[in-house]
Amino acid sequence: MIAGSMLMDVCTGVDQNESCELAQVGRKWQRVEAEALYGQPFAELMFRSQNVHRNNFDQNHVETASLLSVKTCGCPEDCGYCSQSAHYETGVNATRLMDCSDVVANAQRAKEAGATRFCMAAAWRSPKDRDLDRVCEMVSAVKELGLETCVTLGMLTPKQATLLSEAGLDFYNHNVDTSPDFYGRIITTRTLQDRIDTLKHVREAGIKICCGGIIGMGERVEDRLDMLVLLADLRTPPESVPINLWNEVNGVPVIDATEAPDPIALVRLVAIARIMMPKSVIRLSAGRRSISDELRALCFFGKCEFNSYRGRAVDD
Ligand code: SF4
């Protein structure tokens with residue numbers, strides 16, 4: 001663990017007394033720097049993450065998003081944590097792509113419940129063009145309700161990303177899931193580079209990126225830090241960074257290796273994500289209901305937002 005006094009050097013390179021809000025979007029991070037942040041005395045780390053947050057966001061604002069699974073299960077990918085992969089027997093029922101009118105009705109209810117963003121998830125490796133047309137219709141219809149829109153559909157071609165952008169899509173969710181080192185132990189059917197390529201297409205189409213990962217799958221702390229370094233070092237870090245806690249799903253390979261993260265380790269991770277990506281919204285997403293109110297409050301103090309989920313067969 002690296003002494004706290006080194007933090008300011010690695011964080012700002014400016015002044016021992018300056019705070020990390022000076023960290024620039026677009027700066028390059030190294031694992032050793034992330035470790036230095038992670039090893040700070042807890043109170044110091046929380047203070048710094050609060051400072052970064054207050055300098056970039058309304059300190060008391062909580063962003064509320066709602067997610068609907070618009071097409072569940074039957075996915076040909078083998079993500080080792082996922083209840084929707086066709087590779088595993090998880091007991092989750094497959095569904096066809098929902099009708100646009102049903103999606104809009106769900107979005108309307110989410111809006112009335114206070115959501116400002118509505119995310120639509122489909123369990124695909126990548127969308128077929130005819131399916132994408134239907135998703136574009138959903139995006140436009142949800143947007144007309146006055147909600148921000150987000151979809152997660154798997155890998156995209158540049159043309160598909162452009163079509164989603166033209167339909168009015170605000171955010172595309174596509175997670176890197178974990179560190180480059182650990183990635184191959186979780187997924188074998190597509191590479192991390194495949195994911196980065198999709199993020200590039202999304203970015204070039206003018207859509208904002210929602211990209212994060214999952215913790216509690218048997219990875220080391222170093223893997224969690226490397227994942228944050230990967231995200232923070234993207235040319236433009238994701239505007240939205242979901243940190244998901246793996247929910248125990250019977251029938252998937254990850255269940256044999258899973259280990260719930262230490263609660264304070266989770267708060268530290270949220271806090272350093274906040275510092276490393278000062279302009280990004282850090283959101284505690286899947287799995288947040290499995291933790292106590294007190295831990296959620298600490299994560300909020302470490303400055304994350306919360307997603308809420310609704311709809312069919314979403315694992316939270
Ligand atoms: S691509 Fe998505 S839906 Fe398919 S197995 Fe992986 S996480 Fe599950």
# chains A, B, ... in the order shown; residues from 1 in each chain; ligands from 1
$ closest_atom_pairs --of "chain A" --to "ligand 1" --cutoff "7 Å" --atoms "only C-alpha atoms and all ligand atoms" --output "Markdown table"
| residue | atom | partner | partner_atom_place_in_ligand_line | distance |
| --- | --- | --- | --- | --- |
| A:Cys73 | CA | ligand 1 | 3 (S) | 6.6 |
| A:Cys75 | CA | ligand 1 | 4 (Fe) | 4.5 |
| A:Pro76 | CA | ligand 1 | 4 (Fe) | 6.4 |
| A:Glu77 | CA | ligand 1 | 5 (S) | 4.5 |
| A:Asp78 | CA | ligand 1 | 5 (S) | 5.2 |
| A:Cys79 | CA | ligand 1 | 6 (Fe) | 4.4 |
| A:Cys82 | CA | ligand 1 | 8 (Fe) | 4.6 |
| A:Ser83 | CA | ligand 1 | 8 (Fe) | 6.5 |
| A:Gln84 | CA | ligand 1 | 8 (Fe) | 4.9 |
| A:Ser85 | CA | ligand 1 | 5 (S) | 4.0 |
| A:Ala122 | CA | ligand 1 | 3 (S) | 6.8 |
| A:Ala123 | CA | ligand 1 | 3 (S) | 3.8 |
| A:Trp124 | CA | ligand 1 | 4 (Fe) | 5.6 |
| A:Arg125 | CA | ligand 1 | 1 (S) | 5.4 |
| A:Gly154 | CA | ligand 1 | 1 (S) | 5.7 |
$ closest_atom_pairs --of "range 145-264 of chain A" --to "range 63-72 of chain A" --cutoff "10 Å" --atoms "only C-alpha atoms" --output "Markdown table"
| residue | atom | partner | partner_atom | distance |
| --- | --- | --- | --- | --- |
| A:Leu147 | CA | A:Ala65 | CA | 9.5 |
| A:Glu148 | CA | A:Ala65 | CA | 8.9 |
| A:Thr149 | CA | A:Ala65 | CA | 9.5 |
| A:Cys150 | CA | A:Leu67 | CA | 8.7 |
| A:Val151 | CA | A:Leu67 | CA | 9.0 |
| A:Thr152 | CA | A:Ser69 | CA | 9.4 |
| A:Leu153 | CA | A:Lys71 | CA | 9.4 |
$ closest_atom_pairs --of "range 227-281 of chain A" --to "range 27-46 of chain A" --cutoff "8 Å" --atoms "only C-alpha atoms" --output "CSV"
residue,atom,partner,partner_atom,distance
A:Val229,CA,A:Trp29,CA,5.8
A:Ala232,CA,A:Trp29,CA,6.9
A:Asp233,CA,A:Lys28,CA,5.3
A:Arg268,CA,A:Tyr38,CA,6.2
A:Leu269,CA,A:Tyr38,CA,7.2
A:Ala271,CA,A:Met46,CA,6.5
A:Ile272,CA,A:Leu37,CA,6.4
A:Met276,CA,A:Trp29,CA,7.9
$ write_last_selection --atoms "N, CA and C atoms" --output "compact mmCIF listing (two decimals), in the first residue's frame"
# COMPACT_ATOMS: atom_id res chain seq x y z
N VAL A 229 -8.80 1.99 -14.37
CA VAL A 229 -7.75 2.62 -15.19
C VAL A 229 -8.13 2.53 -16.67
N ALA A 232 -10.91 5.07 -17.24
CA ALA A 232 -10.45 6.46 -17.11
C ALA A 232 -9.51 6.86 -18.24
N ASP A 233 -8.83 5.86 -18.81
CA ASP A 233 -7.86 6.16 -19.86
C ASP A 233 -8.45 6.12 -21.27
N ARG A 268 -14.53 2.47 -1.17
CA ARG A 268 -13.26 2.98 -1.70
C ARG A 268 -13.26 2.97 -3.23
N LEU A 269 -13.79 1.90 -3.79
CA LEU A 269 -13.81 1.80 -5.26
C LEU A 269 -14.67 2.90 -5.87
N ALA A 271 -15.31 5.74 -4.54
CA ALA A 271 -14.65 7.04 -4.32
C ALA A 271 -13.51 7.26 -5.31
N ILE A 272 -12.72 6.22 -5.58
CA ILE A 272 -11.61 6.47 -6.52
C ILE A 272 -12.12 6.56 -7.95
N MET A 276 -11.02 9.50 -10.30
CA MET A 276 -10.33 9.24 -11.57
C MET A 276 -11.13 9.71 -12.77
$ atom_distance --atom1 "CA of Ala110 in chain A" --atom2 "CA of Lys143 in chain A"
12.8 Å
$ residues_around --residues "Gly216 in chain A" --least-positions-apart "3" --cutoff "10 Å" --atoms "only C-alpha atoms" --output "short mmCIF file (atom, residue, chain, number, x, y, z; two decimals) with C-alpha atoms, in the first residue's frame"
data_model
loop_
_atom_site.label_atom_id
_atom_site.label_comp_id
_atom_site.auth_asym_id
_atom_site.auth_seq_id
_atom_site.Cartn_x
_atom_site.Cartn_y
_atom_site.Cartn_z
CA GLU A 219 -11.41 -10.92 -9.29
CA ARG A 220 -8.62 -9.36 -7.25
CA VAL A 221 -8.63 -5.79 -6.00
CA ARG A 224 -10.96 -3.73 -10.07
CA ASN A 244 -22.42 -3.49 -10.54
CA LEU A 245 -22.28 -5.96 -7.68
CA TRP A 246 -22.62 -9.47 -8.95
CA ASN A 247 -25.92 -10.99 -7.87
CA GLU A 248 -25.75 -14.66 -7.19
CA VAL A 254 -19.06 -17.33 -11.78
CA ILE A 255 -21.01 -18.66 -8.82
CA ALA A 257 -15.68 -18.13 -7.59
CA THR A 258 -17.87 -15.37 -6.28
CA GLU A 259 -16.92 -13.48 -3.19
CA ALA A 260 -18.91 -10.52 -1.90
CA PRO A 261 -16.63 -7.49 -1.77
CA ASP A 262 -15.72 -6.07 1.60
CA LEU A 266 -16.76 -1.06 -2.30
#
$ residues_around --residues "Leu199 in chain A" --least-positions-apart "6" --cutoff "9 Å" --atoms "only C-alpha atoms" --output "list in words"
Met155, Leu156, Tyr172, Asn173, His174, Ile209 and Cys211 of chain A
$ closest_residue --among "A:Ser285, A:Thr157, A:Asn250, A:Asn106" --to "Lys200 in chain A" --atoms "only C-alpha atoms"
A:Thr157
